[in-house]
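Raw structure.tsv, TSV, C-alpha atoms:
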chain	number	residue	atom	x	y	z
A	94	MET	CA	-48.71	35.41	5.19
A	95	ALA	CA	-47.55	35.20	1.56
A	96	ALA	CA	-43.78	34.78	1.07
A	97	ASN	CA	-43.44	38.09	-0.79
A	98	ALA	CA	-45.76	40.05	1.53
A	99	PRO	CA	-44.51	42.79	3.87
A	100	LEU	CA	-44.00	41.78	7.48
A	101	LEU	CA	-45.00	45.22	8.74
A	102	GLU	CA	-46.76	47.78	6.59
A	103	LEU	CA	-48.04	51.25	7.42
A	104	ARG	CA	-50.15	52.68	4.59
A	105	ASP	CA	-50.99	56.36	5.01
A	106	ALA	CA	-51.58	55.56	8.68
A	107	VAL	CA	-52.75	58.68	10.54
A	108	PRO	CA	-52.66	58.22	14.34
A	109	SER	CA	-55.19	59.76	16.65
A	110	PHE	CA	-53.41	62.80	18.11
A	111	GLU	CA	-55.57	62.67	21.26
A	112	GLU	CA	-54.54	59.07	21.94
A	113	SER	CA	-50.85	59.37	21.10
A	114	GLY	CA	-49.51	62.90	20.85
A	115	LEU	CA	-48.04	61.93	17.46
A	116	MET	CA	-48.55	64.42	14.67
A	117	PRO	CA	-51.70	63.39	12.69
A	118	ALA	CA	-49.73	63.03	9.46
A	119	PRO	CA	-49.78	59.98	7.14
A	120	TYR	CA	-47.04	57.48	8.09
A	121	ASN	CA	-45.74	55.03	5.49
A	122	LEU	CA	-43.33	52.20	6.18
A	123	ARG	CA	-42.79	48.73	4.75
A	124	ILE	CA	-40.52	46.10	6.28
A	125	MET	CA	-40.06	42.77	4.53
A	126	PRO	CA	-39.04	39.57	6.37
A	127	GLY	CA	-35.35	39.76	7.30
A	128	GLU	CA	-35.06	43.50	6.69
A	129	CYS	CA	-33.70	46.02	9.17
A	130	ALA	CA	-35.14	49.53	9.32
A	131	VAL	CA	-33.25	52.13	11.35
A	132	ILE	CA	-35.33	55.08	12.55
A	133	ASP	CA	-33.45	58.18	13.72
A	134	CYS	CA	-35.39	59.73	16.59
A	135	ARG	CA	-33.86	61.88	19.32
A	136	ASP	CA	-37.06	61.92	21.39
A	137	PHE	CA	-37.48	58.77	23.51
A	138	GLU	CA	-41.20	59.38	24.04
A	139	ARG	CA	-41.90	59.87	20.33
A	140	ALA	CA	-40.03	56.66	19.49
A	141	ALA	CA	-42.01	54.72	22.10
A	142	MET	CA	-45.29	56.12	20.77
A	143	PHE	CA	-44.37	55.16	17.22
A	144	ALA	CA	-43.49	51.66	18.44
A	145	ASP	CA	-46.93	51.48	20.08
A	146	LEU	CA	-48.47	52.63	16.80
A	147	CYS	CA	-46.75	49.81	14.89
A	148	THR	CA	-48.08	47.23	17.34
A	149	GLY	CA	-51.70	48.33	16.99
A	150	MET	CA	-51.98	50.06	20.35
A	151	ILE	CA	-52.96	53.48	18.99
A	152	PRO	CA	-56.17	54.03	17.00
A	153	LEU	CA	-55.99	55.50	13.49
A	154	THR	CA	-58.17	58.20	11.99
A	155	GLN	CA	-57.34	56.87	8.51
A	156	GLY	CA	-55.06	54.43	6.70
A	157	SER	CA	-54.01	51.01	7.92
A	158	ILE	CA	-51.26	49.13	9.73
A	159	LYS	CA	-50.76	45.45	8.99
A	160	PHE	CA	-48.48	42.96	10.70
A	161	MET	CA	-47.99	39.55	9.07
A	162	GLY	CA	-50.77	40.51	6.64
A	163	LEU	CA	-53.32	41.21	9.38
A	164	ASP	CA	-54.83	44.65	9.99
A	165	TRP	CA	-54.54	45.48	13.70
A	166	SER	CA	-57.83	47.39	13.67
A	167	THR	CA	-59.85	44.33	12.60
A	168	LEU	CA	-58.66	41.96	15.33
A	169	TYR	CA	-60.22	40.96	18.66
A	170	ASP	CA	-58.34	40.86	21.98
A	171	ARG	CA	-57.35	37.20	21.72
A	172	GLN	CA	-56.01	37.68	18.19
A	173	LEU	CA	-54.24	40.89	19.20
A	174	ASN	CA	-52.50	39.18	22.11
A	175	ALA	CA	-51.45	36.23	19.96
A	176	LEU	CA	-50.05	38.49	17.25
A	177	ARG	CA	-48.19	40.71	19.74
A	178	GLY	CA	-46.66	37.52	21.08
A	179	ARG	CA	-44.75	37.34	17.76
A	180	ILE	CA	-43.00	40.65	18.55
A	181	GLY	CA	-39.88	41.02	20.67
A	182	ARG	CA	-39.53	44.52	22.05
A	183	ILE	CA	-36.88	46.46	23.90
A	184	SER	CA	-38.58	49.33	25.69
A	185	ARG	CA	-36.64	52.29	27.00
A	186	HIS	CA	-38.78	52.29	30.14
A	187	GLY	CA	-38.55	48.54	30.53
A	188	SER	CA	-42.05	47.72	31.85
A	189	TRP	CA	-40.49	45.65	34.64
A	190	LEU	CA	-42.57	44.26	37.50
A	191	SER	CA	-40.53	44.46	40.68
A	192	LEU	CA	-43.03	42.15	42.39
A	193	PHE	CA	-41.22	39.32	40.54
A	194	GLY	CA	-37.58	38.41	40.06
A	195	THR	CA	-35.91	39.54	36.86
A	196	HIS	CA	-35.77	35.92	35.63
A	197	LEU	CA	-39.58	35.71	35.74
A	198	ASN	CA	-39.92	39.13	34.07
A	199	ILE	CA	-37.80	37.75	31.23
A	200	MET	CA	-39.69	34.47	30.84
A	201	LEU	CA	-43.31	35.29	31.66
A	202	PRO	CA	-44.19	37.08	28.38
A	203	HIS	CA	-42.86	34.10	26.42
A	204	LEU	CA	-44.52	31.52	28.70
A	205	TYR	CA	-47.84	33.30	28.13
A	206	HIS	CA	-47.59	32.76	24.37
A	207	THR	CA	-45.91	29.34	24.10
A	208	THR	CA	-46.59	25.67	24.62
A	209	ASP	CA	-42.85	24.97	25.05
A	210	PRO	CA	-41.98	23.01	28.21
A	211	PHE	CA	-40.93	25.23	31.10
A	212	ASP	CA	-37.43	23.74	31.27
A	213	HIS	CA	-36.90	24.52	27.56
A	214	VAL	CA	-37.85	28.14	28.19
A	215	VAL	CA	-35.48	28.33	31.17
A	216	ARG	CA	-32.68	26.81	29.10
A	217	ARG	CA	-33.18	29.28	26.25
A	218	ALA	CA	-33.35	32.25	28.63
A	219	THR	CA	-30.16	31.08	30.35
A	220	GLU	CA	-28.37	30.69	26.99
A	221	LEU	CA	-29.37	34.21	25.98
A	222	GLY	CA	-28.33	35.44	29.42
A	223	HIS	CA	-24.85	34.02	28.85
A	224	THR	CA	-24.76	35.65	25.40
A	225	PHE	CA	-25.40	39.06	26.95
A	226	GLY	CA	-22.94	38.64	29.81
A	227	PHE	CA	-24.95	37.19	32.70
A	228	PRO	CA	-23.39	34.23	34.59
A	229	GLY	CA	-26.97	32.96	34.97
A	230	LEU	CA	-30.44	34.48	34.99
A	231	PRO	CA	-30.67	37.26	37.60
A	232	ILE	CA	-33.31	36.38	40.18
A	233	THR	CA	-33.25	39.68	42.09
A	234	ALA	CA	-36.04	42.19	41.48
A	235	PRO	CA	-35.50	44.51	38.48
A	236	ASP	CA	-35.40	47.60	40.69
A	237	ARG	CA	-32.31	46.17	42.41
A	238	LEU	CA	-30.34	45.83	39.14
A	239	SER	CA	-27.95	48.36	37.65
A	240	GLY	CA	-28.89	50.16	34.45
A	241	ALA	CA	-26.39	48.01	32.54
A	242	ASP	CA	-27.87	44.75	33.86
A	243	LEU	CA	-31.39	45.95	33.09
A	244	ALA	CA	-30.25	46.65	29.52
A	245	ARG	CA	-28.83	43.12	29.27
A	246	ALA	CA	-32.08	41.70	30.67
A	247	ALA	CA	-34.10	43.74	28.15
A	248	CYS	CA	-32.11	42.16	25.32
A	249	VAL	CA	-32.66	38.64	26.67
A	250	ARG	CA	-36.42	39.25	26.99
A	251	ALA	CA	-36.73	40.73	23.48
A	252	PHE	CA	-34.95	37.83	21.76
A	253	MET	CA	-36.87	35.09	23.59
A	254	GLY	CA	-39.19	32.87	21.57
A	255	ARG	CA	-37.95	33.35	17.98
A	256	PRO	CA	-39.90	36.58	17.31
A	257	ASP	CA	-41.05	37.49	13.80
A	258	LEU	CA	-40.49	41.20	14.43
A	259	LEU	CA	-38.07	43.00	16.75
A	260	ILE	CA	-38.93	46.53	17.85
A	261	LEU	CA	-35.86	47.98	19.52
A	262	GLU	CA	-35.89	51.31	21.33
A	263	ASP	CA	-32.46	52.87	21.84
A	264	ILE	CA	-30.70	51.64	24.99
A	265	SER	CA	-27.20	52.04	23.55
A	266	ASP	CA	-26.27	54.47	26.34
A	267	MET	CA	-27.01	51.77	28.94
A	268	LEU	CA	-25.75	48.66	27.13
A	269	PRO	CA	-22.20	47.68	28.21
A	270	GLU	CA	-19.64	47.91	25.43
A	271	GLU	CA	-18.85	44.18	25.54
A	272	THR	CA	-22.48	43.32	24.75
A	273	VAL	CA	-22.69	45.42	21.56
A	274	LEU	CA	-21.22	42.69	19.33
A	275	PRO	CA	-23.46	39.92	20.84
A	276	PHE	CA	-26.41	42.29	20.28
A	277	PHE	CA	-25.53	42.67	16.57
A	278	GLU	CA	-24.88	38.92	16.18
A	279	THR	CA	-28.15	37.90	17.86
A	280	MET	CA	-30.09	40.41	15.76
A	281	THR	CA	-28.44	39.12	12.57
A	282	ALA	CA	-29.22	35.51	13.49
A	283	ALA	CA	-32.88	36.48	13.97
A	284	ARG	CA	-32.90	38.26	10.59
A	285	ASP	CA	-31.36	35.23	8.89
A	286	ARG	CA	-34.47	33.22	9.75
A	287	GLY	CA	-36.80	35.98	8.49
A	288	CYS	CA	-37.32	38.24	11.49
A	289	GLY	CA	-37.76	41.91	10.62
A	290	VAL	CA	-36.21	44.68	12.73
A	291	LEU	CA	-37.49	48.16	13.54
A	292	TRP	CA	-34.62	49.84	15.39
A	293	PHE	CA	-34.84	53.32	16.89
A	294	VAL	CA	-31.56	55.19	17.37
A	295	ARG	CA	-30.70	58.58	18.82
A	296	SER	CA	-27.29	58.91	17.15
A	297	THR	CA	-25.22	57.47	14.32
A	298	ALA	CA	-22.84	55.94	16.87
A	299	ALA	CA	-25.53	53.45	17.95
A	300	TRP	CA	-25.66	51.72	14.55
A	301	HIS	CA	-22.51	52.86	12.72
A	302	GLU	CA	-20.82	49.44	12.89
A	303	TYR	CA	-23.97	47.74	11.59
A	304	ARG	CA	-24.76	50.24	8.83
A	305	LYS	CA	-23.84	47.95	5.89
A	306	ALA	CA	-26.49	45.47	7.02
A	307	VAL	CA	-29.28	48.09	7.22
A	308	ASN	CA	-31.93	48.11	4.47
A	309	ILE	CA	-34.04	51.14	5.37
A	310	HIS	CA	-33.05	54.43	7.02
A	311	MET	CA	-35.69	56.95	8.10
A	312	ARG	CA	-36.07	59.87	10.47
A	313	LEU	CA	-39.00	60.34	12.83
A	314	LEU	CA	-39.65	64.01	13.52
A	315	ASP	CA	-42.55	65.91	15.02
A	316	GLU	CA	-43.79	66.49	11.44
A	317	GLY	CA	-43.80	62.80	10.48
A	318	LEU	CA	-41.59	60.00	9.10
A	319	PHE	CA	-39.08	60.76	6.35
A	320	SER	CA	-36.87	58.52	4.20
A	321	LEU	CA	-33.10	58.92	4.27
A	322	ARG	CA	-30.38	57.37	2.14
A	323	VAL	CA	-28.59	54.37	3.63
A	324	VAL	CA	-24.84	55.10	3.51

Would you give me this structure, written as structure tokens?
Amino acid sequence: MAANAPLLELRDAVPSFEESGLMPAPYNLRIMPGECAVIDCRDFERAAMFADLCTGMIPLTQGSIKFMGLDWSTLYDRQLNALRGRIGRISRHGSWLSLFGTHLNIMLPHLYHTTDPFDHVVRRATELGHTFGFPGLPITAPDRLSGADLARAACVRAFMGRPDLLILEDISDMLPEETVLPFFETMTAARDRGCGVLWFVRSTAAWHEYRKAVNIHMRLLDEGLFSLRVV
């Protein structure tokens, strides 16, 4: 990817309504390396669908979506999986597998995409766990954790593996107050090395303290995506 190329770019991307439920309007968005785009969206489901759209999981009827210069629609499964491995995502619904302990849920996506030694992955996950308030990695099944601990675990999983793009659905109502500052600091550290951020919020309160560091502010409505002024 060229140094001055967008990290994520939607160009008149019209999603298939049948596949997504998103309005078949043209969506335009450009995020450069290190930029943070805040998307106001009060509807959790719409935000999740738009996140899926940005990661190439929803077919288009026209336009294009490129990540790291590559058009999602032109890639094969192996390439798609490798590219999605460069994205850290916080999902409102979590996608947790209660068949495994939470520690494995956190590490398995990264282990699938890395050649890092297992003990290095464990060490990094444990460090991030400490950052977000865990005494160590929780080994109990995700369905046995509180909402607050699941939110912490979601943050640890998203920031694993030095992602190139963070897609963050709004979990501010579940995240304990003492983890808000570590969340901002970890996100800023990722941006400092060139990671882009697509951050969905339901209210101004979720990002008010971070507003001066935001580059792009938009609103996702049923009618489409609209630019707002960053204040």

Give me, as a tab-separated table, the closest atom pair and its distance (Å, one decimal) for every residue of range 223-302 of chain A within a cut-off of 8 Å of range 179-198 of chain A, counting only C-alpha atoms, rows sorted by chain and rising number.
residue	atom	partner	partner_atom	distance
A:Leu230	CA	A:His196	CA	5.6
A:Pro231	CA	A:His196	CA	5.6
A:Ile232	CA	A:Gly194	CA	4.7
A:Thr233	CA	A:Gly194	CA	4.9
A:Ala234	CA	A:Gly194	CA	4.3
A:Pro235	CA	A:Thr195	CA	5.2
A:Asp236	CA	A:Ser191	CA	6.0
A:Ala246	CA	A:Thr195	CA	7.6
A:Ala247	CA	A:Ile183	CA	5.8
A:Cys248	CA	A:Ile183	CA	6.6
A:Arg250	CA	A:Gly181	CA	7.4
A:Ala251	CA	A:Gly181	CA	4.2
A:Phe252	CA	A:Gly181	CA	6.0
A:Met253	CA	A:Gly181	CA	7.3
A:Arg255	CA	A:Arg179	CA	7.9
A:Pro256	CA	A:Arg179	CA	4.9
A:Asp257	CA	A:Arg179	CA	5.4
A:Leu258	CA	A:Ile180	CA	4.9
A:Leu259	CA	A:Gly181	CA	4.8
A:Ile260	CA	A:Arg182	CA	4.7
A:Leu261	CA	A:Ile183	CA	4.7
A:Glu262	CA	A:Ser184	CA	5.5
A:Asp263	CA	A:Arg185	CA	6.7
A:Ile264	CA	A:Arg185	CA	6.3

Within 12 Å of Phe293 in chain A, counting all atoms listed in the file, which residues show up once you throw out same-chain ones fewer than 4 positions away? Write them as a PDB file with C-alpha atoms, in the frame of the given file, please.
ATOM      1  CA  CYS A 129     -33.700  46.020   9.170  1.00  0.00           C
ATOM      2  CA  ALA A 130     -35.140  49.530   9.320  1.00  0.00           C
ATOM      3  CA  VAL A 131     -33.250  52.130  11.350  1.00  0.00           C
ATOM      4  CA  ILE A 132     -35.330  55.080  12.550  1.00  0.00           C
ATOM      5  CA  ASP A 133     -33.450  58.180  13.720  1.00  0.00           C
ATOM      6  CA  CYS A 134     -35.390  59.730  16.590  1.00  0.00           C
ATOM      7  CA  ARG A 135     -33.860  61.880  19.320  1.00  0.00           C
ATOM      8  CA  ASP A 136     -37.060  61.920  21.390  1.00  0.00           C
ATOM      9  CA  PHE A 137     -37.480  58.770  23.510  1.00  0.00           C
ATOM     10  CA  GLU A 138     -41.200  59.380  24.040  1.00  0.00           C
ATOM     11  CA  ARG A 139     -41.900  59.870  20.330  1.00  0.00           C
ATOM     12  CA  ALA A 140     -40.030  56.660  19.490  1.00  0.00           C
ATOM     13  CA  ALA A 141     -42.010  54.720  22.100  1.00  0.00           C
ATOM     14  CA  MET A 142     -45.290  56.120  20.770  1.00  0.00           C
ATOM     15  CA  PHE A 143     -44.370  55.160  17.220  1.00  0.00           C
ATOM     16  CA  ALA A 144     -43.490  51.660  18.440  1.00  0.00           C
ATOM     17  CA  ARG A 182     -39.530  44.520  22.050  1.00  0.00           C
ATOM     18  CA  ILE A 183     -36.880  46.460  23.900  1.00  0.00           C
ATOM     19  CA  SER A 184     -38.580  49.330  25.690  1.00  0.00           C
ATOM     20  CA  ARG A 185     -36.640  52.290  27.000  1.00  0.00           C
ATOM     21  CA  LEU A 259     -38.070  43.000  16.750  1.00  0.00           C
ATOM     22  CA  ILE A 260     -38.930  46.530  17.850  1.00  0.00           C
ATOM     23  CA  LEU A 261     -35.860  47.980  19.520  1.00  0.00           C
ATOM     24  CA  GLU A 262     -35.890  51.310  21.330  1.00  0.00           C
ATOM     25  CA  ASP A 263     -32.460  52.870  21.840  1.00  0.00           C
ATOM     26  CA  ILE A 264     -30.700  51.640  24.990  1.00  0.00           C
ATOM     27  CA  SER A 265     -27.200  52.040  23.550  1.00  0.00           C
ATOM     28  CA  THR A 297     -25.220  57.470  14.320  1.00  0.00           C
ATOM     29  CA  ALA A 299     -25.530  53.450  17.950  1.00  0.00           C
ATOM     30  CA  TRP A 300     -25.660  51.720  14.550  1.00  0.00           C
ATOM     31  CA  ILE A 309     -34.040  51.140   5.370  1.00  0.00           C
ATOM     32  CA  HIS A 310     -33.050  54.430   7.020  1.00  0.00           C
ATOM     33  CA  MET A 311     -35.690  56.950   8.100  1.00  0.00           C
ATOM     34  CA  ARG A 312     -36.070  59.870  10.470  1.00  0.00           C
ATOM     35  CA  LEU A 313     -39.000  60.340  12.830  1.00  0.00           C
TER      36      LEU A 313
END

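Across A:Leu238, A:Leu268, A:Val249, A:Leu291, the tightest approach to Val215 in chain A is made by A:Val249 when counting all atoms listed in the file.
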
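Counting only C-alpha atoms, the residue from A:Ile158, A:Ala106, A:Leu321, A:Leu146 that sits nearest to Tyr120 in chain A is A:Ala106.
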
With 3 Å on each side, where is the centre of the axis-aligned box around all listed atoms of range 106-111 of chain A, and how long are its edges in Å to one decimal, as lines of an AutoDock Vina configuration file?
center_x = -53.6
center_y = 59.2
center_z = 15.0
size_x = 10.0
size_y = 13.2
size_z = 18.6

So how far away is CA of Phe160 in chain A from CA of Pro99 in chain A, in Å?
->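 Result for CA of Pro99 in chain A versus CA of Phe160 in chain A: 7.9 Å, one decimal.
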
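Across A:Leu103, A:Leu173, A:Ser109, A:Met161, the tightest approach to Gly289 in chain A is made by A:Met161 when counting all atoms listed in the file.
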
Point-to-point distance in Å for CA of Ser320 in chain A and CA of Ile151 in chain A =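 So the answer is 22.4 Å.
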
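If you measure from each of A:Asp315, A:Thr281, A:Phe227, A:Pro152 to Tyr303 in chain A using all atoms listed in the file, the closest one turns out to be A:Thr281.
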
Which of these residues is nearest to Asn308 in chain A, using only C-alpha atoms: A:Cys147, A:Leu176, A:Ile124, A:Leu100?
-> A:Ile124

May I ask you to restore all heavy atoms in range 187-198 of chain A and write the result as a short mmCIF file (atom, residue, chain, number, x, y, z; two decimals), keeping the file's coordinate frame?
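Final output, saved to part.cif:
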data_model
loop_
_atom_site.label_atom_id
_atom_site.label_comp_id
_atom_site.auth_asym_id
_atom_site.auth_seq_id
_atom_site.Cartn_x
_atom_site.Cartn_y
_atom_site.Cartn_z
N GLY A 187 -38.69 49.88 29.97
CA GLY A 187 -38.55 48.54 30.53
C GLY A 187 -39.81 47.77 30.83
O GLY A 187 -39.89 46.59 30.55
N SER A 188 -40.82 48.41 31.43
CA SER A 188 -42.05 47.72 31.85
C SER A 188 -41.74 46.52 32.74
O SER A 188 -42.27 45.44 32.56
CB SER A 188 -42.85 47.27 30.61
OG SER A 188 -43.12 48.35 29.77
N TRP A 189 -40.86 46.73 33.72
CA TRP A 189 -40.49 45.65 34.64
C TRP A 189 -41.43 45.63 35.84
O TRP A 189 -41.85 46.68 36.32
CB TRP A 189 -39.06 45.85 35.13
CG TRP A 189 -38.04 45.87 34.04
CD1 TRP A 189 -37.40 46.97 33.53
CD2 TRP A 189 -37.54 44.76 33.30
NE1 TRP A 189 -36.55 46.61 32.54
CE2 TRP A 189 -36.59 45.25 32.37
CE3 TRP A 189 -37.79 43.38 33.34
CZ2 TRP A 189 -35.91 44.43 31.48
CZ3 TRP A 189 -37.10 42.55 32.46
CH2 TRP A 189 -36.17 43.07 31.55
N LEU A 190 -41.74 44.44 36.30
CA LEU A 190 -42.57 44.26 37.50
C LEU A 190 -41.67 43.84 38.65
O LEU A 190 -41.18 42.71 38.70
CB LEU A 190 -43.63 43.19 37.26
CG LEU A 190 -44.63 43.46 36.12
CD1 LEU A 190 -45.50 42.25 35.88
CD2 LEU A 190 -45.49 44.67 36.46
N SER A 191 -41.44 44.75 39.59
CA SER A 191 -40.53 44.46 40.68
C SER A 191 -41.13 43.52 41.73
O SER A 191 -40.45 43.11 42.67
CB SER A 191 -40.06 45.76 41.33
OG SER A 191 -39.15 46.42 40.46
N LEU A 192 -42.40 43.16 41.54
CA LEU A 192 -43.03 42.15 42.39
C LEU A 192 -42.40 40.78 42.14
O LEU A 192 -42.40 39.91 43.02
CB LEU A 192 -44.53 42.11 42.06
CG LEU A 192 -45.44 41.25 42.93
CD1 LEU A 192 -45.47 41.80 44.35
CD2 LEU A 192 -46.85 41.21 42.35
N PHE A 193 -41.84 40.59 40.92
CA PHE A 193 -41.22 39.32 40.54
C PHE A 193 -39.72 39.49 40.34
O PHE A 193 -39.24 40.59 40.08
CB PHE A 193 -41.83 38.79 39.23
CG PHE A 193 -43.31 38.58 39.28
CD1 PHE A 193 -44.16 39.37 38.52
CD2 PHE A 193 -43.87 37.59 40.07
CE1 PHE A 193 -45.53 39.18 38.57
CE2 PHE A 193 -45.23 37.39 40.12
CZ PHE A 193 -46.08 38.19 39.38
N GLY A 194 -38.99 38.38 40.38
CA GLY A 194 -37.58 38.41 40.06
C GLY A 194 -37.38 38.72 38.59
O GLY A 194 -38.29 38.52 37.76
N THR A 195 -36.20 39.20 38.25
CA THR A 195 -35.91 39.54 36.86
C THR A 195 -36.05 38.33 35.95
O THR A 195 -36.51 38.45 34.80
CB THR A 195 -34.50 40.15 36.74
OG1 THR A 195 -34.41 41.28 37.62
CG2 THR A 195 -34.20 40.60 35.32
N HIS A 196 -35.67 37.14 36.44
CA HIS A 196 -35.77 35.92 35.63
C HIS A 196 -37.21 35.66 35.19
O HIS A 196 -37.47 35.27 34.06
CB HIS A 196 -35.20 34.72 36.37
CG HIS A 196 -35.89 34.36 37.64
ND1 HIS A 196 -36.20 35.28 38.63
CD2 HIS A 196 -36.36 33.16 38.09
CE1 HIS A 196 -36.81 34.67 39.62
NE2 HIS A 196 -36.93 33.39 39.32
N LEU A 197 -38.17 35.91 36.09
CA LEU A 197 -39.58 35.71 35.74
C LEU A 197 -40.06 36.80 34.79
O LEU A 197 -40.85 36.54 33.88
CB LEU A 197 -40.45 35.66 37.00
CG LEU A 197 -40.29 34.41 37.86
CD1 LEU A 197 -41.12 34.53 39.13
CD2 LEU A 197 -40.69 33.15 37.08
N ASN A 198 -39.59 38.03 34.99
CA ASN A 198 -39.92 39.13 34.07
C ASN A 198 -39.47 38.79 32.65
O ASN A 198 -40.15 39.12 31.67
CB ASN A 198 -39.24 40.42 34.51
CG ASN A 198 -40.05 41.22 35.50
OD1 ASN A 198 -40.85 42.07 35.12
ND2 ASN A 198 -39.87 40.95 36.79
#
